[in-house]
Amino acid sequence: HQLTKTIESLGQNPEIAVLVLKSQGTSAFCAGASFDELLAVTNEAEGKTFFSGFAHLINAMRKCPKVIVGRVQGKTVGGGVGIIAACDYVLASQEASIKLSELAIGIGPFVIEPAVSRKIGKTALAELSLAAQEWKSAAWAKEKGLYAKTFESIEQLDEAVAEVAHQLTTYNPEAVTAMKNVLWEGTALWDTLLIERAAITGKLVISES
């Protein structure tokens with residue numbers, strides 16, 4: 001919720017030209033949903049609310065008029081893969097492997113699926129989601145289109161992120177926003193679709209099967 005509100009606010013700030021999304025630390029980029037919070041869900045309504053957090057975040061990123069550059073330094077699981085997919089341009093380290101583990105814990109990556117499928121396609125999504133215990137390398141993610149470029153070191157990654165962000169600030173901001181709108185054409189229904197997907201996941205999370 002906090003990240004969603006921050007992106008919405010920065011997106012409307014005329015002094016901001018580009019957003020760089022990164023995580024703290026030097027190891028994992030994002031471990032996905034909190035298992036402790038997930039286990040605290042006791043009914044469908046709570047489940048829908050919980051997974052709607054990812055829905056609102058992805059929609060905020062999608063509708064943000066500024067380009068969002070993702071800086072991925074390490075492993076990413078579940079909902080974090082959806083966050084990466086919702087970035088407009090992603091740079092990553094060679095250690096930034098990914099995994100969609102949802103099916104292994106009785107749910108599925110339904111909320112993030114539209115964002116991930118948009119980037120890597122349904123075939124790669126099937127390979128990633130059905131092999132729920134398997135890590136896919138950063139090279140695989142780049143080949144499928146999730147990452148634009150990968151780098152051997154964090155230093156090289158940070159240099160590239162700074163360079164890309166600076167270059168974006170030199171472009172006509174109206175043209176950049178128009179280009180982003182073109183890139184996200186056909187996603188207007190996500191405002192309702194992702195919430196519907198959150199409801200599906202919320203129901204599954206309390207299922208005994």
# chains A, B, ... in the order shown; residues from 1 in each chain; ligands from 1
call {"tool": "residues_around", "arguments": {"residues": "A:Phe29", "least_positions_apart": "5", "cutoff": "8 Å", "atoms": "only C-alpha atoms", "output": "VMD selection string"}}
result
chain A and resid 22 to 24 72 to 76 80 96
call {"tool": "write_last_selection", "arguments": {"atoms": "all heavy atoms", "output": "compact mmCIF listing (two decimals), in the first residue's frame"}}
result
# COMPACT_ATOMS: atom_id res chain seq x y z
N LYS A 22 14.00 -0.12 -6.75
CA LYS A 22 15.00 -1.07 -6.30
C LYS A 22 14.69 -1.47 -4.86
O LYS A 22 13.86 -0.84 -4.20
CB LYS A 22 16.41 -0.49 -6.39
CG LYS A 22 16.66 0.75 -5.53
CD LYS A 22 18.08 1.26 -5.73
CE LYS A 22 18.37 2.46 -4.83
NZ LYS A 22 19.78 2.93 -4.98
N SER A 23 15.35 -2.51 -4.39
CA SER A 23 15.11 -2.95 -3.02
C SER A 23 16.35 -2.72 -2.17
O SER A 23 17.45 -2.48 -2.68
CB SER A 23 14.74 -4.44 -2.99
OG SER A 23 15.81 -5.24 -3.43
N GLN A 24 16.16 -2.81 -0.86
CA GLN A 24 17.28 -2.61 0.04
C GLN A 24 18.15 -3.87 0.09
O GLN A 24 17.72 -4.96 -0.27
CB GLN A 24 16.76 -2.29 1.45
CG GLN A 24 16.03 -0.96 1.54
CD GLN A 24 15.53 -0.68 2.95
OE1 GLN A 24 15.27 -1.59 3.71
NE2 GLN A 24 15.43 0.59 3.29
N VAL A 72 17.29 -4.82 -10.43
CA VAL A 72 17.12 -6.11 -9.76
C VAL A 72 18.49 -6.72 -9.48
O VAL A 72 19.17 -7.16 -10.40
CB VAL A 72 16.26 -7.07 -10.61
CG1 VAL A 72 16.00 -8.37 -9.85
CG2 VAL A 72 14.95 -6.41 -11.01
N GLN A 73 18.88 -6.75 -8.21
CA GLN A 73 20.23 -7.20 -7.87
C GLN A 73 20.31 -8.65 -7.42
O GLN A 73 21.39 -9.21 -7.31
CB GLN A 73 20.82 -6.31 -6.77
CG GLN A 73 20.44 -6.69 -5.34
CD GLN A 73 19.04 -6.29 -4.94
OE1 GLN A 73 18.31 -5.71 -5.73
NE2 GLN A 73 18.68 -6.57 -3.71
N GLY A 74 19.13 -9.27 -7.16
CA GLY A 74 19.18 -10.63 -6.64
C GLY A 74 17.91 -11.41 -6.92
O GLY A 74 17.05 -10.99 -7.69
N LYS A 75 17.80 -12.57 -6.28
CA LYS A 75 16.70 -13.49 -6.54
C LYS A 75 15.33 -12.86 -6.25
O LYS A 75 15.19 -12.02 -5.36
CB LYS A 75 16.87 -14.75 -5.70
CG LYS A 75 18.03 -15.63 -6.14
CD LYS A 75 18.09 -16.90 -5.31
CE LYS A 75 19.18 -17.84 -5.84
NZ LYS A 75 19.24 -19.10 -5.07
N THR A 76 14.34 -13.32 -7.00
CA THR A 76 12.99 -12.81 -6.86
C THR A 76 11.99 -13.95 -6.95
O THR A 76 12.11 -14.82 -7.82
CB THR A 76 12.67 -11.76 -7.94
OG1 THR A 76 13.64 -10.72 -7.88
CG2 THR A 76 11.29 -11.16 -7.75
N GLY A 80 6.99 -10.74 -6.44
CA GLY A 80 8.10 -9.89 -6.85
C GLY A 80 8.36 -9.97 -8.35
O GLY A 80 8.78 -8.98 -8.97
N ALA A 96 20.30 -12.53 -10.53
CA ALA A 96 18.88 -12.24 -10.36
C ALA A 96 17.99 -13.31 -10.98
O ALA A 96 17.24 -13.07 -11.94
CB ALA A 96 18.56 -10.86 -10.95
call {"tool": "residues_around", "arguments": {"residues": "A:Glu163", "least_positions_apart": "5", "cutoff": "12 Å", "atoms": "only C-alpha atoms", "output": "JSON, numbers by chain"}}
result
{"A": [18, 20, 69, 91, 156, 157, 158, 168, 169, 170]}
call {"tool": "residues_around", "arguments": {"residues": "A:Leu21", "least_positions_apart": "3", "cutoff": "7 Å", "atoms": "only C-alpha atoms", "output": "list in words"}}
result
Ile68, Val69, Gly70 and Arg71 of chain A
call {"tool": "write_last_selection", "arguments": {"atoms": "all heavy atoms", "output": "short mmCIF file (atom, residue, chain, number, x, y, z; two decimals), in the first residue's frame"}}
result
data_model
loop_
_atom_site.label_atom_id
_atom_site.label_comp_id
_atom_site.auth_asym_id
_atom_site.auth_seq_id
_atom_site.Cartn_x
_atom_site.Cartn_y
_atom_site.Cartn_z
N ILE A 68 9.21 3.63 -15.35
CA ILE A 68 9.74 3.00 -14.15
C ILE A 68 10.85 2.03 -14.56
O ILE A 68 10.60 1.07 -15.30
CB ILE A 68 8.65 2.25 -13.38
CG1 ILE A 68 7.54 3.22 -12.95
CG2 ILE A 68 9.25 1.55 -12.15
CD1 ILE A 68 6.37 2.56 -12.24
N VAL A 69 12.05 2.32 -14.11
CA VAL A 69 13.20 1.47 -14.38
C VAL A 69 13.40 0.54 -13.19
O VAL A 69 13.53 0.99 -12.05
CB VAL A 69 14.48 2.30 -14.61
CG1 VAL A 69 15.69 1.40 -14.81
CG2 VAL A 69 14.29 3.23 -15.81
N GLY A 70 13.42 -0.76 -13.43
CA GLY A 70 13.65 -1.72 -12.37
C GLY A 70 15.13 -2.05 -12.24
O GLY A 70 15.80 -2.27 -13.24
N ARG A 71 15.62 -2.07 -11.00
CA ARG A 71 17.02 -2.42 -10.72
C ARG A 71 16.99 -3.66 -9.84
O ARG A 71 16.68 -3.60 -8.66
CB ARG A 71 17.71 -1.24 -10.03
CG ARG A 71 19.20 -1.45 -9.72
CD ARG A 71 19.36 -1.70 -8.26
NE ARG A 71 20.75 -1.57 -7.80
CZ ARG A 71 21.20 -2.15 -6.69
NH1 ARG A 71 20.41 -2.91 -5.94
NH2 ARG A 71 22.44 -1.99 -6.31
#
call {"tool": "closest_residue", "arguments": {"among": "A:Leu19, A:Ala55, A:Cys87, A:Met179", "to": "A:Pro109", "atoms": "only C-alpha atoms"}}
result
A:Ala55
call {"tool": "residues_around", "arguments": {"residues": "A:Tyr147", "least_positions_apart": "6", "cutoff": "7 Å", "atoms": "only C-alpha atoms", "output": "list in words"}}
result
Val90, Leu91, Ala92 and Ala141 of chain A
call {"tool": "write_last_selection", "arguments": {"atoms": "all heavy atoms", "output": "mmCIF file, in the first residue's frame"}}
result
data_model
loop_
_atom_site.group_PDB
_atom_site.id
_atom_site.type_symbol
_atom_site.label_atom_id
_atom_site.label_comp_id
_atom_site.auth_asym_id
_atom_site.auth_seq_id
_atom_site.Cartn_x
_atom_site.Cartn_y
_atom_site.Cartn_z
ATOM 1 N N VAL A 90 13.916 -2.995 -17.353
ATOM 2 C CA VAL A 90 14.531 -3.666 -16.204
ATOM 3 C C VAL A 90 15.975 -4.052 -16.495
ATOM 4 O O VAL A 90 16.276 -4.689 -17.508
ATOM 5 C CB VAL A 90 13.730 -4.925 -15.801
ATOM 6 C CG1 VAL A 90 14.371 -5.590 -14.588
ATOM 7 C CG2 VAL A 90 12.287 -4.574 -15.515
ATOM 8 N N LEU A 91 16.851 -3.671 -15.571
ATOM 9 C CA LEU A 91 18.248 -4.063 -15.608
ATOM 10 C C LEU A 91 18.507 -4.943 -14.392
ATOM 11 O O LEU A 91 18.003 -4.672 -13.300
ATOM 12 C CB LEU A 91 19.150 -2.835 -15.579
ATOM 13 C CG LEU A 91 18.918 -1.812 -16.702
ATOM 14 C CD1 LEU A 91 19.770 -0.576 -16.490
ATOM 15 C CD2 LEU A 91 19.207 -2.428 -18.059
ATOM 16 N N ALA A 92 19.317 -5.983 -14.573
ATOM 17 C CA ALA A 92 19.493 -6.953 -13.487
ATOM 18 C C ALA A 92 20.917 -7.478 -13.438
ATOM 19 O O ALA A 92 21.662 -7.409 -14.418
ATOM 20 C CB ALA A 92 18.525 -8.121 -13.676
ATOM 21 N N ALA A 141 15.602 -15.220 -17.951
ATOM 22 C CA ALA A 141 14.684 -14.090 -17.841
ATOM 23 C C ALA A 141 14.972 -13.035 -18.908
ATOM 24 O O ALA A 141 14.047 -12.426 -19.455
ATOM 25 C CB ALA A 141 14.781 -13.472 -16.445
#
call {"tool": "residues_around", "arguments": {"residues": "stretch 191-206 of chain A", "least_positions_apart": "6", "cutoff": "7 Å", "atoms": "only C-alpha atoms", "output": "ChimeraX atom specification"}}
result
/A:42-44,47-48,51-52,55,59,106-108,110-111
call {"tool": "select_by_dssp", "arguments": {"residues": "stretch 1-207 of chain A", "states": "alpha helix (DSSP H)", "output": "count of residues only"}}
result
111
call {"tool": "residues_around", "arguments": {"residues": "A:Gly11", "least_positions_apart": "5", "cutoff": "10 Å", "atoms": "only C-alpha atoms", "output": "short mmCIF file (atom, residue, chain, number, x, y, z; two decimals) with N, CA and C atoms, in the first residue's frame"}}
result
data_model
loop_
_atom_site.label_atom_id
_atom_site.label_comp_id
_atom_site.auth_asym_id
_atom_site.auth_seq_id
_atom_site.Cartn_x
_atom_site.Cartn_y
_atom_site.Cartn_z
N LYS A 5 1.03 4.04 -3.05
CA LYS A 5 0.77 5.46 -2.85
C LYS A 5 1.97 6.32 -3.25
N THR A 6 3.17 5.81 -2.98
CA THR A 6 4.38 6.55 -3.35
C THR A 6 4.50 6.69 -4.86
N ILE A 16 9.62 15.24 -11.27
CA ILE A 16 10.15 13.88 -11.41
C ILE A 16 10.07 13.45 -12.86
N ALA A 17 11.16 12.99 -13.42
CA ALA A 17 11.19 12.58 -14.83
C ALA A 17 11.15 11.06 -14.98
N VAL A 18 11.77 10.34 -14.05
CA VAL A 18 11.84 8.89 -14.15
C VAL A 18 11.90 8.29 -12.74
N LEU A 19 11.34 7.11 -12.58
CA LEU A 19 11.38 6.41 -11.31
C LEU A 19 12.30 5.20 -11.42
N ALA A 60 -0.94 0.70 -10.33
CA ALA A 60 -0.31 2.01 -10.13
C ALA A 60 0.92 2.16 -11.01
N MET A 61 1.71 1.10 -11.13
CA MET A 61 2.89 1.13 -11.98
C MET A 61 2.49 1.25 -13.44
N LYS A 63 -0.21 2.63 -14.69
CA LYS A 63 -0.82 3.93 -15.00
C LYS A 63 0.08 5.11 -14.69
N CYS A 64 1.20 4.87 -14.04
CA CYS A 64 2.12 5.95 -13.73
C CYS A 64 2.62 6.59 -15.03
N PRO A 65 2.51 7.91 -15.18
CA PRO A 65 2.94 8.56 -16.43
C PRO A 65 4.45 8.62 -16.63
N LYS A 66 5.19 8.26 -15.59
CA LYS A 66 6.65 8.25 -15.70
C LYS A 66 7.13 6.83 -16.00
N VAL A 67 8.24 6.74 -16.71
CA VAL A 67 8.86 5.44 -16.94
C VAL A 67 9.44 4.92 -15.63
N ILE A 68 9.21 3.63 -15.35
CA ILE A 68 9.74 3.00 -14.15
C ILE A 68 10.85 2.03 -14.56
#
call {"tool": "atom_distance", "arguments": {"atom1": "atom CA of A:Leu130", "atom2": "atom CA of A:Val116"}}
result
14.0 Å
call {"tool": "decode", "arguments": {"residues": "stretch 28-39 of chain A", "atoms": "N, CA, C and O atoms", "output": "PDB file, in the first residue's frame"}}
result
ATOM      1  N   ALA A  28      18.511 -10.793  -1.896  1.00  0.00           N
ATOM      2  CA  ALA A  28      17.286 -10.943  -2.680  1.00  0.00           C
ATOM      3  C   ALA A  28      16.678  -9.596  -3.059  1.00  0.00           C
ATOM      4  O   ALA A  28      16.767  -8.625  -2.310  1.00  0.00           O
ATOM      5  N   PHE A  29      16.047  -9.564  -4.227  1.00  0.00           N
ATOM      6  CA  PHE A  29      15.308  -8.360  -4.635  1.00  0.00           C
ATOM      7  C   PHE A  29      13.942  -8.348  -3.961  1.00  0.00           C
ATOM      8  O   PHE A  29      13.531  -7.349  -3.389  1.00  0.00           O
ATOM      9  N   CYS A  30      13.221  -9.468  -4.033  1.00  0.00           N
ATOM     10  CA  CYS A  30      11.894  -9.533  -3.427  1.00  0.00           C
ATOM     11  C   CYS A  30      11.510 -10.986  -3.195  1.00  0.00           C
ATOM     12  O   CYS A  30      11.589 -11.806  -4.108  1.00  0.00           O
ATOM     13  N   ALA A  31      11.079 -11.293  -1.975  1.00  0.00           N
ATOM     14  CA  ALA A  31      10.688 -12.659  -1.619  1.00  0.00           C
ATOM     15  C   ALA A  31       9.191 -12.898  -1.802  1.00  0.00           C
ATOM     16  O   ALA A  31       8.673 -13.942  -1.405  1.00  0.00           O
ATOM     17  N   GLY A  32       8.493 -11.932  -2.380  1.00  0.00           N
ATOM     18  CA  GLY A  32       7.064 -12.108  -2.603  1.00  0.00           C
ATOM     19  C   GLY A  32       6.250 -11.853  -1.350  1.00  0.00           C
ATOM     20  O   GLY A  32       6.670 -11.152  -0.444  1.00  0.00           O
ATOM     21  N   ALA A  33       5.070 -12.441  -1.292  1.00  0.00           N
ATOM     22  CA  ALA A  33       4.161 -12.228  -0.167  1.00  0.00           C
ATOM     23  C   ALA A  33       4.741 -12.793   1.127  1.00  0.00           C
ATOM     24  O   ALA A  33       5.460 -13.788   1.125  1.00  0.00           O
ATOM     25  N   SER A  34       4.393 -12.143   2.224  1.00  0.00           N
ATOM     26  CA  SER A  34       4.821 -12.608   3.545  1.00  0.00           C
ATOM     27  C   SER A  34       4.032 -13.847   3.941  1.00  0.00           C
ATOM     28  O   SER A  34       2.799 -13.827   3.984  1.00  0.00           O
ATOM     29  N   PHE A  35       4.725 -14.944   4.245  1.00  0.00           N
ATOM     30  CA  PHE A  35       4.039 -16.173   4.649  1.00  0.00           C
ATOM     31  C   PHE A  35       3.317 -15.990   5.976  1.00  0.00           C
ATOM     32  O   PHE A  35       2.248 -16.560   6.197  1.00  0.00           O
ATOM     33  N   ASP A  36       3.885 -15.209   6.866  1.00  0.00           N
ATOM     34  CA  ASP A  36       3.237 -14.963   8.156  1.00  0.00           C
ATOM     35  C   ASP A  36       1.897 -14.265   7.957  1.00  0.00           C
ATOM     36  O   ASP A  36       0.884 -14.628   8.577  1.00  0.00           O
ATOM     37  N   GLU A  37       1.882 -13.258   7.083  1.00  0.00           N
ATOM     38  CA  GLU A  37       0.634 -12.554   6.800  1.00  0.00           C
ATOM     39  C   GLU A  37      -0.335 -13.459   6.044  1.00  0.00           C
ATOM     40  O   GLU A  37      -1.553 -13.404   6.245  1.00  0.00           O
ATOM     41  N   LEU A  38       0.210 -14.301   5.178  1.00  0.00           N
ATOM     42  CA  LEU A  38      -0.612 -15.223   4.408  1.00  0.00           C
ATOM     43  C   LEU A  38      -1.320 -16.218   5.325  1.00  0.00           C
ATOM     44  O   LEU A  38      -2.517 -16.502   5.171  1.00  0.00           O
ATOM     45  N   LEU A  39      -0.599 -16.735   6.302  1.00  0.00           N
ATOM     46  CA  LEU A  39      -1.172 -17.697   7.246  1.00  0.00           C
ATOM     47  C   LEU A  39      -2.209 -17.060   8.155  1.00  0.00           C
ATOM     48  O   LEU A  39      -3.048 -17.761   8.740  1.00  0.00           O
TER      49      LEU A  39
END
